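File shown here: coords.txt, holding compact mmCIF, C-alpha atoms and all ligand atoms.
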# COMPACT_ATOMS: atom_id res chain seq x y z
CA MET A 1 -52.57 -29.85 36.07
CA VAL A 2 -49.28 -27.95 36.49
CA THR A 3 -48.45 -26.08 33.27
CA ALA A 4 -45.02 -25.03 32.00
CA GLU A 5 -46.16 -21.45 32.54
CA GLU A 6 -46.79 -22.09 36.25
CA LEU A 7 -43.21 -23.33 36.57
CA ASN A 8 -41.53 -20.42 34.76
CA PRO A 9 -39.73 -18.48 37.52
CA TRP A 10 -39.67 -15.20 35.59
CA LEU A 11 -43.46 -15.33 35.08
CA ASN A 12 -43.86 -16.19 38.77
CA ALA A 13 -41.66 -13.24 39.71
CA ALA A 14 -43.71 -10.97 37.42
CA LYS A 15 -47.03 -12.07 38.98
CA ARG A 16 -45.84 -11.30 42.50
CA PHE A 17 -44.40 -8.00 41.31
CA GLU A 18 -47.62 -6.85 39.61
CA ASN A 19 -49.69 -7.88 42.59
CA ALA A 20 -47.58 -5.78 44.99
CA ALA A 21 -47.29 -2.89 42.50
CA ASP A 22 -51.12 -2.80 42.19
CA ARG A 23 -51.50 -2.61 45.96
CA LEU A 24 -48.93 0.19 46.12
CA ASP A 25 -50.64 1.94 43.24
CA LEU A 26 -47.33 2.35 41.43
CA ASP A 27 -47.50 4.25 38.16
CA ASP A 28 -46.65 2.60 34.84
CA GLY A 29 -43.29 4.30 34.41
CA MET A 30 -42.01 3.23 37.83
CA ARG A 31 -43.26 -0.33 37.17
CA LYS A 32 -41.26 -0.44 33.94
CA VAL A 33 -38.11 0.78 35.66
CA LEU A 34 -38.53 -1.60 38.59
CA LYS A 35 -39.18 -4.72 36.60
CA THR A 36 -36.75 -4.35 33.72
CA PRO A 37 -33.31 -5.85 34.46
CA ALA A 38 -30.68 -3.09 34.28
CA LYS A 39 -28.10 -5.26 32.52
CA GLU A 40 -27.96 -8.78 31.08
CA LEU A 41 -24.79 -10.38 29.82
CA THR A 42 -24.57 -13.72 28.01
CA VAL A 43 -21.08 -15.09 27.51
CA ALA A 44 -19.52 -18.02 25.69
CA ILE A 45 -17.08 -19.98 27.84
CA PRO A 46 -14.73 -22.09 25.70
CA VAL A 47 -13.00 -24.69 27.84
CA MET A 48 -10.56 -27.49 27.09
CA LEU A 49 -11.90 -30.65 28.75
CA ASP A 50 -9.65 -33.25 30.37
CA ASP A 51 -10.06 -35.63 27.42
CA GLY A 52 -8.73 -32.99 25.01
CA ARG A 53 -12.12 -32.01 23.58
CA LEU A 54 -12.93 -28.32 23.28
CA GLU A 55 -16.37 -27.44 24.65
CA VAL A 56 -18.23 -24.14 24.79
CA PHE A 57 -20.42 -23.46 27.83
CA THR A 58 -22.90 -20.59 28.17
CA GLY A 59 -22.88 -18.24 31.14
CA TYR A 60 -25.10 -15.39 32.26
CA ARG A 61 -24.84 -12.48 34.66
CA VAL A 62 -27.95 -10.40 35.16
CA GLN A 63 -27.99 -7.18 37.18
CA HIS A 64 -31.61 -6.57 37.93
CA SER A 65 -31.23 -3.35 39.92
CA ILE A 66 -28.42 -1.13 41.12
CA ALA A 67 -30.66 1.57 42.57
CA ARG A 68 -29.83 0.89 46.24
CA GLY A 69 -26.18 -0.07 45.75
CA PRO A 70 -24.02 -2.55 43.83
CA ALA A 71 -25.76 -5.63 42.43
CA LYS A 72 -25.50 -8.61 44.77
CA GLY A 73 -26.28 -12.27 44.26
CA GLY A 74 -24.99 -15.75 43.71
CA ILE A 75 -23.84 -17.77 40.74
CA ARG A 76 -25.35 -21.19 40.08
CA TYR A 77 -24.02 -24.06 37.99
CA ALA A 78 -26.64 -26.46 36.62
CA PRO A 79 -27.50 -28.17 33.33
CA ASP A 80 -30.98 -26.60 33.23
CA VAL A 81 -30.04 -22.95 33.95
CA THR A 82 -31.99 -20.55 31.74
CA LEU A 83 -31.83 -16.80 31.24
CA ASP A 84 -35.41 -16.50 32.52
CA GLU A 85 -34.43 -18.30 35.69
CA VAL A 86 -31.36 -16.08 36.24
CA ARG A 87 -33.51 -13.00 35.59
CA ALA A 88 -36.07 -14.08 38.15
CA LEU A 89 -33.38 -14.90 40.69
CA ALA A 90 -31.70 -11.51 40.08
CA SER A 91 -34.97 -9.69 40.70
CA TRP A 92 -35.55 -11.71 43.87
CA MET A 93 -32.11 -10.57 45.07
CA SER A 94 -33.14 -6.91 44.59
CA TRP A 95 -36.29 -7.48 46.64
CA LYS A 96 -34.48 -9.62 49.21
CA CYS A 97 -31.75 -7.04 49.84
CA ALA A 98 -34.43 -4.36 50.14
CA VAL A 99 -36.53 -6.39 52.60
CA VAL A 100 -33.57 -6.78 54.96
CA ASN A 101 -32.46 -3.23 54.16
CA LEU A 102 -28.96 -3.95 52.85
CA PRO A 103 -27.31 -1.25 50.69
CA TYR A 104 -27.42 -3.44 47.59
CA GLY A 105 -29.30 -4.00 44.38
CA GLY A 106 -29.83 -7.48 42.98
CA GLY A 107 -27.99 -9.69 40.52
CA LYS A 108 -27.53 -13.34 39.68
CA GLY A 109 -25.30 -15.47 37.52
CA GLY A 110 -25.53 -18.91 36.04
CA VAL A 111 -23.50 -21.28 33.91
CA ILE A 112 -25.16 -24.10 31.97
CA CYS A 113 -23.05 -27.10 32.96
CA ASP A 114 -23.37 -30.32 34.93
CA PRO A 115 -20.87 -30.15 37.80
CA SER A 116 -21.48 -33.83 38.63
CA ILE A 117 -19.69 -34.91 35.44
CA LEU A 118 -16.94 -32.28 35.47
CA SER A 119 -13.54 -32.71 37.12
CA ASP A 120 -12.20 -30.14 39.59
CA ILE A 121 -9.80 -28.84 36.96
CA GLU A 122 -12.58 -28.47 34.40
CA LEU A 123 -14.72 -26.60 36.94
CA GLU A 124 -11.79 -24.32 37.72
CA ARG A 125 -11.25 -23.56 34.01
CA ILE A 126 -14.97 -22.83 33.52
CA THR A 127 -15.01 -20.57 36.57
CA ARG A 128 -11.91 -18.62 35.59
CA ARG A 129 -12.98 -18.09 31.98
CA TYR A 130 -16.51 -17.14 33.06
CA THR A 131 -14.98 -14.60 35.48
CA ALA A 132 -12.76 -13.19 32.75
CA GLU A 133 -15.79 -12.81 30.47
CA ILE A 134 -17.90 -10.91 33.04
CA ILE A 135 -14.97 -9.01 34.59
CA ASP A 136 -16.02 -5.61 33.24
CA ILE A 137 -19.34 -5.64 35.03
CA ILE A 138 -18.35 -7.12 38.41
CA GLY A 139 -16.34 -5.53 41.23
CA PRO A 140 -16.69 -4.61 44.90
CA GLU A 141 -18.47 -1.37 43.98
CA LYS A 142 -20.40 -2.76 41.00
CA ASP A 143 -21.63 -6.30 41.39
CA ILE A 144 -20.58 -8.83 44.01
CA PRO A 145 -21.21 -12.52 43.23
CA ALA A 146 -21.55 -15.25 45.88
CA PRO A 147 -22.22 -18.99 46.02
CA ASP A 148 -25.55 -20.46 44.98
CA MET A 149 -26.59 -23.93 43.78
CA ASN A 150 -23.52 -26.10 43.00
CA THR A 151 -20.99 -23.37 43.71
CA ASN A 152 -19.11 -22.96 46.96
CA GLU A 153 -16.22 -21.23 48.72
CA ARG A 154 -13.70 -22.88 46.42
CA THR A 155 -15.52 -21.41 43.39
CA MET A 156 -15.41 -18.00 45.10
CA ALA A 157 -11.66 -18.33 45.74
CA TRP A 158 -11.09 -18.96 41.99
CA ILE A 159 -13.23 -15.93 41.06
CA MET A 160 -11.43 -13.73 43.58
CA ASP A 161 -8.04 -14.89 42.30
CA THR A 162 -8.92 -14.45 38.61
CA TYR A 163 -10.33 -10.97 39.22
CA SER A 164 -7.31 -10.02 41.34
CA MET A 165 -4.82 -11.27 38.72
CA HIS A 166 -6.47 -9.08 36.08
CA LYS A 167 -6.61 -6.04 38.36
CA ARG A 168 -3.03 -6.61 39.56
CA GLU A 169 -4.09 -6.34 43.19
CA THR A 170 -5.80 -8.67 45.64
CA THR A 171 -9.45 -7.64 45.75
CA THR A 172 -11.20 -9.75 48.37
CA GLY A 173 -14.42 -7.68 48.24
CA VAL A 174 -15.30 -8.78 44.69
CA VAL A 175 -17.09 -11.91 45.94
CA THR A 176 -18.54 -13.14 49.22
CA GLY A 177 -18.79 -16.65 50.58
CA LYS A 178 -15.01 -17.01 50.38
CA PRO A 179 -12.89 -19.33 52.53
CA LEU A 180 -12.21 -17.89 55.98
CA ASN A 181 -8.50 -17.34 55.39
CA LEU A 182 -9.13 -15.47 52.12
CA GLY A 183 -11.33 -12.73 53.55
CA GLY A 184 -14.38 -14.88 54.29
CA SER A 185 -16.63 -14.23 57.26
CA ARG A 186 -17.24 -16.38 60.27
CA GLY A 187 -20.77 -17.71 60.25
CA ARG A 188 -21.26 -17.36 56.46
CA PRO A 189 -21.67 -21.10 55.68
CA GLU A 190 -24.41 -21.43 58.33
CA ALA A 191 -25.99 -18.02 57.67
CA THR A 192 -28.93 -18.97 55.42
CA GLY A 193 -29.93 -21.87 57.67
CA ARG A 194 -29.50 -19.72 60.76
CA GLY A 195 -31.71 -17.01 59.24
CA CYS A 196 -34.39 -19.67 58.59
CA LEU A 197 -34.17 -20.69 62.24
CA PHE A 198 -34.61 -17.09 63.47
CA VAL A 199 -37.68 -16.36 61.35
CA SER A 200 -39.23 -19.79 61.99
CA LYS A 201 -38.96 -19.16 65.73
CA GLU A 202 -40.78 -15.83 65.34
CA ALA A 203 -43.50 -17.50 63.24
CA LEU A 204 -43.90 -20.30 65.81
CA LYS A 205 -44.52 -17.62 68.45
CA GLN A 206 -47.56 -16.47 66.43
CA PHE A 207 -48.97 -19.99 66.89
CA HIS A 208 -47.88 -20.20 70.54
CA ILE A 209 -45.77 -23.27 69.78
CA PRO A 210 -42.59 -23.49 71.89
CA PRO A 211 -39.54 -24.61 69.82
CA THR A 212 -39.19 -27.80 71.86
CA LYS A 213 -42.69 -28.84 70.78
CA ALA A 214 -42.26 -27.89 67.13
CA ARG A 215 -42.10 -30.50 64.35
CA VAL A 216 -40.34 -29.60 61.12
CA VAL A 217 -40.09 -31.30 57.72
CA ILE A 218 -37.09 -30.21 55.67
CA GLN A 219 -36.73 -30.71 51.94
CA GLY A 220 -33.05 -30.56 50.94
CA PHE A 221 -30.14 -31.46 53.17
CA GLY A 222 -27.43 -29.34 51.59
CA ASN A 223 -26.00 -26.04 52.69
CA VAL A 224 -29.34 -24.45 53.53
CA GLY A 225 -31.48 -27.42 54.65
CA GLY A 226 -28.64 -29.26 56.40
CA MET A 227 -27.54 -26.20 58.36
CA ALA A 228 -31.12 -25.26 59.25
CA ALA A 229 -31.71 -28.83 60.46
CA ARG A 230 -28.56 -28.84 62.55
CA LEU A 231 -29.25 -25.45 64.17
CA MET A 232 -32.92 -26.18 64.75
CA ALA A 233 -32.17 -29.56 66.33
CA LYS A 234 -29.68 -27.82 68.66
CA GLU A 235 -32.57 -25.66 69.91
CA GLY A 236 -34.67 -28.73 70.66
CA ILE A 237 -36.87 -28.48 67.55
CA HIS A 238 -37.89 -31.91 66.21
CA ILE A 239 -36.90 -32.50 62.60
CA ILE A 240 -39.33 -35.32 61.84
CA ALA A 241 -38.42 -35.83 58.18
CA VAL A 242 -35.70 -34.96 55.69
CA ILE A 243 -36.46 -35.19 51.98
CA GLU A 244 -33.77 -35.50 49.33
CA HIS A 245 -33.80 -36.21 45.58
CA ASP A 246 -33.63 -39.99 46.12
CA GLY A 247 -36.25 -40.32 48.88
CA ALA A 248 -37.01 -39.29 52.45
CA VAL A 249 -36.40 -40.46 56.03
CA HIS A 250 -38.95 -40.13 58.79
CA ASN A 251 -38.96 -40.37 62.56
CA PRO A 252 -42.00 -38.86 64.31
CA ALA A 253 -39.97 -38.37 67.50
CA GLY A 254 -37.30 -36.35 65.66
CA LEU A 255 -34.20 -37.38 63.72
CA ASP A 256 -30.71 -37.31 65.19
CA ILE A 257 -29.40 -34.72 62.72
CA GLU A 258 -25.69 -34.99 63.60
CA ALA A 259 -25.85 -38.76 63.10
CA LEU A 260 -27.82 -38.31 59.86
CA MET A 261 -25.08 -35.99 58.58
CA VAL A 262 -22.44 -38.61 59.34
CA HIS A 263 -24.60 -41.25 57.63
CA LYS A 264 -25.05 -39.10 54.51
CA LYS A 265 -21.33 -38.39 54.34
CA ALA A 266 -20.54 -42.09 54.58
CA THR A 267 -23.20 -43.44 52.19
CA GLY A 268 -23.96 -40.47 49.93
CA SER A 269 -27.65 -40.60 50.87
CA VAL A 270 -29.98 -39.95 53.81
CA LEU A 271 -31.80 -43.23 53.09
CA ASP A 272 -31.42 -46.40 55.21
CA PHE A 273 -30.56 -44.39 58.28
CA GLU A 274 -30.79 -46.30 61.53
CA GLY A 275 -33.52 -44.82 63.75
CA ALA A 276 -35.69 -43.69 60.83
CA THR A 277 -37.93 -45.20 58.19
CA ASN A 278 -37.46 -44.64 54.48
CA ILE A 279 -40.58 -43.07 53.03
CA ASP A 280 -41.69 -41.71 49.70
CA ARG A 281 -40.77 -38.08 48.92
CA ASP A 282 -44.38 -37.02 48.41
CA GLU A 283 -45.52 -38.81 51.54
CA ALA A 284 -42.91 -36.81 53.49
CA LEU A 285 -43.89 -33.51 51.86
CA PHE A 286 -47.48 -34.06 53.00
CA LEU A 287 -46.67 -35.15 56.58
CA GLU A 288 -48.43 -33.30 59.35
CA CYS A 289 -45.96 -30.82 60.86
CA ASP A 290 -45.67 -27.28 62.19
CA VAL A 291 -43.05 -26.00 59.76
CA LEU A 292 -42.40 -27.19 56.23
CA LEU A 293 -39.00 -25.92 55.10
CA PRO A 294 -38.36 -26.34 51.36
CA ALA A 295 -34.61 -25.73 51.04
CA ALA A 296 -33.63 -27.08 47.66
CA LYS A 297 -35.07 -25.99 44.34
CA GLU A 298 -37.80 -23.94 42.72
CA ASN A 299 -41.36 -25.19 42.17
CA VAL A 300 -41.85 -27.67 45.02
CA ILE A 301 -45.15 -26.27 46.28
CA THR A 302 -47.34 -26.05 43.17
CA SER A 303 -51.07 -25.96 42.44
CA ASP A 304 -50.81 -29.75 42.58
CA THR A 305 -48.98 -30.14 45.92
CA ALA A 306 -50.23 -27.02 47.80
CA PRO A 307 -53.68 -28.54 48.60
CA LYS A 308 -51.94 -31.53 50.22
CA VAL A 309 -49.25 -29.99 52.42
CA ASN A 310 -50.14 -30.37 56.06
CA CYS A 311 -48.27 -27.66 57.95
CA LYS A 312 -49.00 -24.42 59.79
CA ILE A 313 -45.95 -22.55 58.51
CA VAL A 314 -43.96 -22.68 55.26
CA CYS A 315 -40.45 -21.28 55.66
CA GLU A 316 -38.94 -20.83 52.19
CA GLY A 317 -35.25 -21.66 52.55
CA ALA A 318 -34.91 -22.04 48.77
CA ASN A 319 -35.51 -19.32 46.20
CA GLY A 320 -38.90 -19.68 44.53
CA PRO A 321 -40.02 -23.01 46.03
CA THR A 322 -43.68 -21.97 45.75
CA THR A 323 -45.37 -21.08 42.46
CA ALA A 324 -47.60 -18.02 42.18
CA SER A 325 -50.61 -20.29 41.58
CA ALA A 326 -49.86 -22.14 44.83
CA ASP A 327 -49.75 -18.83 46.76
CA LYS A 328 -53.53 -18.50 46.59
CA ILE A 329 -54.10 -22.06 47.77
CA LEU A 330 -51.80 -21.64 50.77
CA GLU A 331 -53.50 -18.36 51.64
CA GLU A 332 -56.99 -19.89 51.43
CA ARG A 333 -55.82 -22.72 53.65
CA GLY A 334 -54.57 -20.22 56.25
CA ILE A 335 -50.95 -21.38 56.03
CA PHE A 336 -48.46 -18.81 57.30
CA VAL A 337 -45.79 -18.36 54.62
CA ILE A 338 -42.40 -16.85 55.37
CA PRO A 339 -41.53 -15.87 51.80
CA ASP A 340 -38.12 -16.65 50.31
CA ILE A 341 -37.08 -12.99 50.04
CA LEU A 342 -37.30 -12.84 53.83
CA ALA A 343 -36.77 -16.44 54.96
CA ASN A 344 -33.48 -17.09 53.15
CA ALA A 345 -32.05 -13.57 53.43
CA GLY A 346 -29.64 -14.67 56.17
CA GLY A 347 -27.12 -15.72 53.51
CA VAL A 348 -26.90 -12.40 51.75
CA THR A 349 -26.99 -10.58 55.10
CA VAL A 350 -23.80 -12.29 56.25
CA SER A 351 -22.42 -11.76 52.71
CA TYR A 352 -22.94 -8.08 53.41
CA PHE A 353 -21.08 -8.47 56.73
CA GLU A 354 -18.26 -10.20 54.84
CA TRP A 355 -18.02 -7.36 52.31
CA VAL A 356 -17.97 -4.79 55.14
CA GLN A 357 -15.22 -6.74 56.93
CA ASP A 358 -13.19 -7.01 53.71
CA ARG A 359 -13.43 -3.28 53.11
CA GLN A 360 -12.29 -2.54 56.64
CA ALA A 361 -9.80 -5.43 56.75
CA TYR A 362 -11.07 -5.96 60.28
CA PHE A 363 -12.78 -9.23 61.08
CA TRP A 364 -15.56 -9.93 63.56
CA ASN A 365 -15.94 -12.87 65.90
CA GLU A 366 -18.73 -15.35 65.23
CA ASN A 367 -20.85 -14.13 68.09
CA LEU A 368 -20.97 -10.62 66.65
CA VAL A 369 -21.91 -11.98 63.20
CA ASN A 370 -24.73 -14.11 64.63
CA THR A 371 -26.05 -11.39 66.94
CA ARG A 372 -26.21 -8.85 64.13
CA LEU A 373 -27.79 -11.43 61.83
CA GLU A 374 -30.48 -12.14 64.41
CA GLU A 375 -31.21 -8.41 64.83
CA ILE A 376 -31.70 -7.95 61.09
CA MET A 377 -33.78 -11.10 60.56
CA VAL A 378 -36.10 -10.45 63.49
CA GLU A 379 -36.51 -6.77 62.64
CA SER A 380 -37.27 -7.63 59.00
CA PHE A 381 -39.77 -10.31 60.07
CA TYR A 382 -41.73 -7.67 62.00
CA ASP A 383 -41.35 -5.06 59.21
CA VAL A 384 -43.10 -7.54 56.91
CA ALA A 385 -45.69 -8.36 59.60
CA ARG A 386 -46.42 -4.65 59.95
CA TYR A 387 -46.97 -4.24 56.19
CA SER A 388 -49.17 -7.31 56.20
CA LYS A 389 -51.36 -5.89 58.94
CA GLN A 390 -51.45 -2.34 57.59
CA HIS A 391 -52.41 -3.40 54.06
CA GLY A 392 -54.44 -6.50 54.89
CA VAL A 393 -52.29 -8.78 52.72
CA GLU A 394 -50.49 -12.09 53.28
CA ASN A 395 -46.77 -12.12 53.99
CA ARG A 396 -45.45 -12.55 50.47
CA THR A 397 -47.34 -9.58 49.12
CA ALA A 398 -46.35 -7.62 52.23
CA ALA A 399 -42.65 -8.44 51.70
CA TYR A 400 -42.84 -7.47 48.02
CA MET A 401 -44.63 -4.23 48.91
CA LEU A 402 -41.98 -3.34 51.47
CA ALA A 403 -39.21 -4.11 48.97
CA LEU A 404 -40.79 -2.29 46.03
CA ASP A 405 -41.46 0.72 48.24
CA ARG A 406 -37.81 0.88 49.29
CA VAL A 407 -36.38 0.44 45.78
CA ALA A 408 -38.89 2.89 44.24
CA PHE A 409 -37.99 5.43 46.92
CA ALA A 410 -34.27 5.13 46.07
CA ILE A 411 -35.04 5.60 42.37
CA LYS A 412 -37.14 8.69 43.10
CA LEU A 413 -34.42 10.18 45.28
CA ARG A 414 -31.72 9.55 42.67
CA GLY A 415 -33.89 10.73 39.77
CA ILE A 416 -33.54 9.52 36.21
CA TYR A 417 -30.21 10.36 34.56
CA ALA A 418 -30.68 11.51 30.99
N1 LIG B 501 -27.20 -17.26 46.71
C1 LIG B 501 -27.67 -16.72 47.94
C2 LIG B 501 -29.08 -16.18 47.79
O1 LIG B 501 -29.80 -16.55 46.89
C3 LIG B 501 -26.69 -15.74 48.55
C4 LIG B 501 -26.43 -14.51 47.74
C5 LIG B 501 -25.33 -13.63 48.31
O2 LIG B 501 -24.83 -13.92 49.37
O3 LIG B 501 -25.01 -12.64 47.64
O4 LIG B 501 -29.55 -15.40 48.58

The structure given in the file should be rewritten as structure tokens.
Amino acid sequence: MVTAEELNPWLNAAKRFENAADRLDLDDGMRKVLKTPAKELTVAIPVMLDDGRLEVFTGYRVQHSIARGPAKGGIRYAPDVTLDEVRALASWMSWKCAVVNLPYGGGKGGVICDPSILSDIELERITRRYTAEIIDIIGPEKDIPAPDMNTNERTMAWIMDTYSMHKRETTTGVVTGKPLNLGGSRGRPEATGRGCLFVSKEALKQFHIPPTKARVVIQGFGNVGGMAARLMAKEGIHIIAVIEHDGAVHNPAGLDIEALMVHKKATGSVLDFEGATNIDRDEALFLECDVLLPAAKENVITSDTAPKVNCKIVCEGANGPTTASADKILEERGIFVIPDILANAGGVTVSYFEWVQDRQAYFWNENLVNTRLEEIMVESFYDVARYSKQHGVENRTAAYMLALDRVAFAIKLRGIYA
């Protein structure tokens, strides 16, 4: 029975944190500093809707840590956003940036709204007013937002413009994930999916499975899952199923991903795709495969579903797709987990490249972006593997230990300002 507690992301984040802190033997004071968010802002966002009604939305920006550099992390728009969720996501950004060794802390933002029923103009008004409300705590040296669920490069362009209008100068480095001709980086839209590809390939090596023999099930066909599918298929990896909110499609010989993308664009769904069978979402989640890649939402692999997944590797493209209770089950079953704070770090890594390029006003070609991304992802994969071996722990605990070690070290070096 999956309880509400199991699904609370902040409690899940806390469990992983305590587990790693115990292994590192961190003292109580350092634990308090590391787990308490540095700053939390809740703002009211009054917006005039298209029908003339005045509505007030709620927005959050949480800066979990700024010990290693400015806070960094996306902004999500969804009807079920909660402060606990944003807190958890902000802390995961701190650990994620530390795992891949970027000079950032962690932050996250969220606005409670349903983008599917809002017009473009309404979304723009929400975004601009939200930006104005959090303007004092963001900035290229303070806190750098980026896209997350239901936000995209257009949202980032509005934030950049609003911030710049207030500051009276164009400040491209205030957000990442911007359009290419507004200071965006080549390779940023594909970066999270590409990072998943790089770490999955390293994990497959551990099982001596060549990419051309690998079978992958992907849950989510948006920016992360869709890009991962496309890039994996290009390397000859077989994507045998794609799961979306309305169902799943299956082809044991591998789906034609480019054609599936065209089909989804035309029909709005992956279902009824020629050359595949429609199957139930759960049936697809439990298909036998080498890599299961959850790339949509939190809480997909739970104490209920973990005993039934049938893969060798879980590559967490989404943030928090596995609950802390499911961790144990996956470990007991010998499933190799590439934890979210490593697996999906490709996005923030290329965000970092974008911020560097903006500061230098000198832009890299795509090959350079992808080569440097690969270096960081592969190196981080083996940093985590080393911790796992040294401390005799599974990958998630190893990644948390590596991250906590790095953030705690920065705090010790800086000392506590009083
Ligand atoms: N939202 C993405 C994540 O969760 C990207 C964050 C960023 O680029 O700052 O990692």

Problem set entry | Residues within 10 Å of region 12-29 of chain A, all atoms listed in the file, excluding chain neighbours under 4 positions, as a PyMOL selection string | chain A and resi 5-8+33-35+85+87-89+91-92+95+299+320+322-325+327+391+393+396-405+408

Exercise. From the list A:Met377, A:Ile279, A:Met149, A:Ala233, which residue is nearest ligand LIG 501 (chain B) when using only C-alpha atoms and all ligand atoms?
Worked result: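 Under the stated criterion, the closest residue is A:Met149.
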
Seminar exercise, completed: Counting all atoms listed in the file, the residue among A:Leu102, A:Leu182, A:Val309, A:Val242 that lies closest to Ala229 (chain A) is A:Val242

Please build the interface table for chain A against ligand LIG 501 (chain B) with a cut-off of 9 Å, listing for each qualifying residue the nearest atom pair and the distance in Å to one decimal; count only C-alpha atoms and all ligand atoms, order rows by chain and increasing number, and write it as CSV.
residue,atom,partner,partner_atom,distance
A:Ala71,CA,B:LIG501,O3,8.8
A:Lys72,CA,B:LIG501,O3,5.0
A:Gly73,CA,B:LIG501,O3,3.6
A:Gly74,CA,B:LIG501,N1,4.0
A:Ile75,CA,B:LIG501,N1,6.9
A:Arg76,CA,B:LIG501,N1,7.9
A:Leu89,CA,B:LIG501,O1,7.3
A:Ala90,CA,B:LIG501,O1,8.7
A:Trp92,CA,B:LIG501,O1,8.1
A:Met93,CA,B:LIG501,O4,6.5
A:Lys96,CA,B:LIG501,O4,7.6
A:Cys97,CA,B:LIG501,O4,8.7
A:Gly106,CA,B:LIG501,O3,8.5
A:Gly107,CA,B:LIG501,O3,8.3
A:Lys108,CA,B:LIG501,N1,8.1
A:Ile144,CA,B:LIG501,O3,6.9
A:Pro145,CA,B:LIG501,O3,5.8
A:Ala146,CA,B:LIG501,O3,4.7
A:Pro147,CA,B:LIG501,N1,5.3
A:Asp148,CA,B:LIG501,N1,4.0
A:Met149,CA,B:LIG501,N1,7.3
A:Val175,CA,B:LIG501,O3,8.1
A:Thr176,CA,B:LIG501,O2,6.3
A:Gly177,CA,B:LIG501,O2,6.7
A:Arg188,CA,B:LIG501,O2,8.7
A:Thr192,CA,B:LIG501,O4,7.7
A:Ala318,CA,B:LIG501,O1,7.7
A:Asn319,CA,B:LIG501,O1,6.4
A:Asp340,CA,B:LIG501,O4,8.8
A:Ile341,CA,B:LIG501,O4,8.0
A:Asn344,CA,B:LIG501,O4,6.3
A:Ala345,CA,B:LIG501,O4,5.8
A:Gly346,CA,B:LIG501,O4,7.6
A:Gly347,CA,B:LIG501,C3,5.0
A:Val348,CA,B:LIG501,O2,3.5
A:Thr349,CA,B:LIG501,O2,7.0
A:Val350,CA,B:LIG501,O2,7.1
A:Ser351,CA,B:LIG501,O2,4.7
A:Tyr352,CA,B:LIG501,O2,7.3

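With CA of Phe286 (chain A) on one side and CA of Ile313 (chain A) on the other, the separation reads 12.9 Å.
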
Seminar exercise, completed: CA of Ser200 (chain A) sits from CA of Phe273 (chain A) at a separation of 26.3 Å

Hey, could you patch up region 345-354 of chain A with N, CA, C and O atoms and hand it over as a compact mmCIF listing (two decimals), in the coordinates of the input?
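New file result.txt:
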# COMPACT_ATOMS: atom_id res chain seq x y z
N ALA A 345 -32.90 -14.76 53.55
CA ALA A 345 -32.05 -13.57 53.43
C ALA A 345 -30.85 -13.59 54.38
O ALA A 345 -29.98 -12.71 54.31
N GLY A 346 -30.78 -14.59 55.25
CA GLY A 346 -29.64 -14.67 56.17
C GLY A 346 -28.31 -14.82 55.42
O GLY A 346 -27.28 -14.29 55.86
N GLY A 347 -28.35 -15.51 54.29
CA GLY A 347 -27.12 -15.72 53.51
C GLY A 347 -26.56 -14.41 52.99
O GLY A 347 -25.39 -14.07 53.23
N VAL A 348 -27.41 -13.65 52.33
CA VAL A 348 -26.90 -12.40 51.75
C VAL A 348 -26.60 -11.39 52.86
O VAL A 348 -25.72 -10.53 52.71
N THR A 349 -27.27 -11.51 54.00
CA THR A 349 -26.99 -10.58 55.10
C THR A 349 -25.56 -10.80 55.62
O THR A 349 -24.80 -9.83 55.80
N VAL A 350 -25.18 -12.07 55.79
CA VAL A 350 -23.80 -12.29 56.25
C VAL A 350 -22.81 -12.06 55.10
O VAL A 350 -21.66 -11.68 55.33
N SER A 351 -23.27 -12.18 53.84
CA SER A 351 -22.42 -11.76 52.71
C SER A 351 -22.11 -10.27 52.85
O SER A 351 -20.98 -9.82 52.59
N TYR A 352 -23.13 -9.52 53.20
CA TYR A 352 -22.94 -8.08 53.41
C TYR A 352 -21.92 -7.84 54.53
O TYR A 352 -21.00 -7.03 54.39
N PHE A 353 -22.05 -8.61 55.63
CA PHE A 353 -21.08 -8.47 56.73
C PHE A 353 -19.67 -8.80 56.22
O PHE A 353 -18.69 -8.16 56.60
N GLU A 354 -19.57 -9.81 55.38
CA GLU A 354 -18.26 -10.20 54.84
C GLU A 354 -17.65 -9.06 54.02
O GLU A 354 -16.47 -8.72 54.16
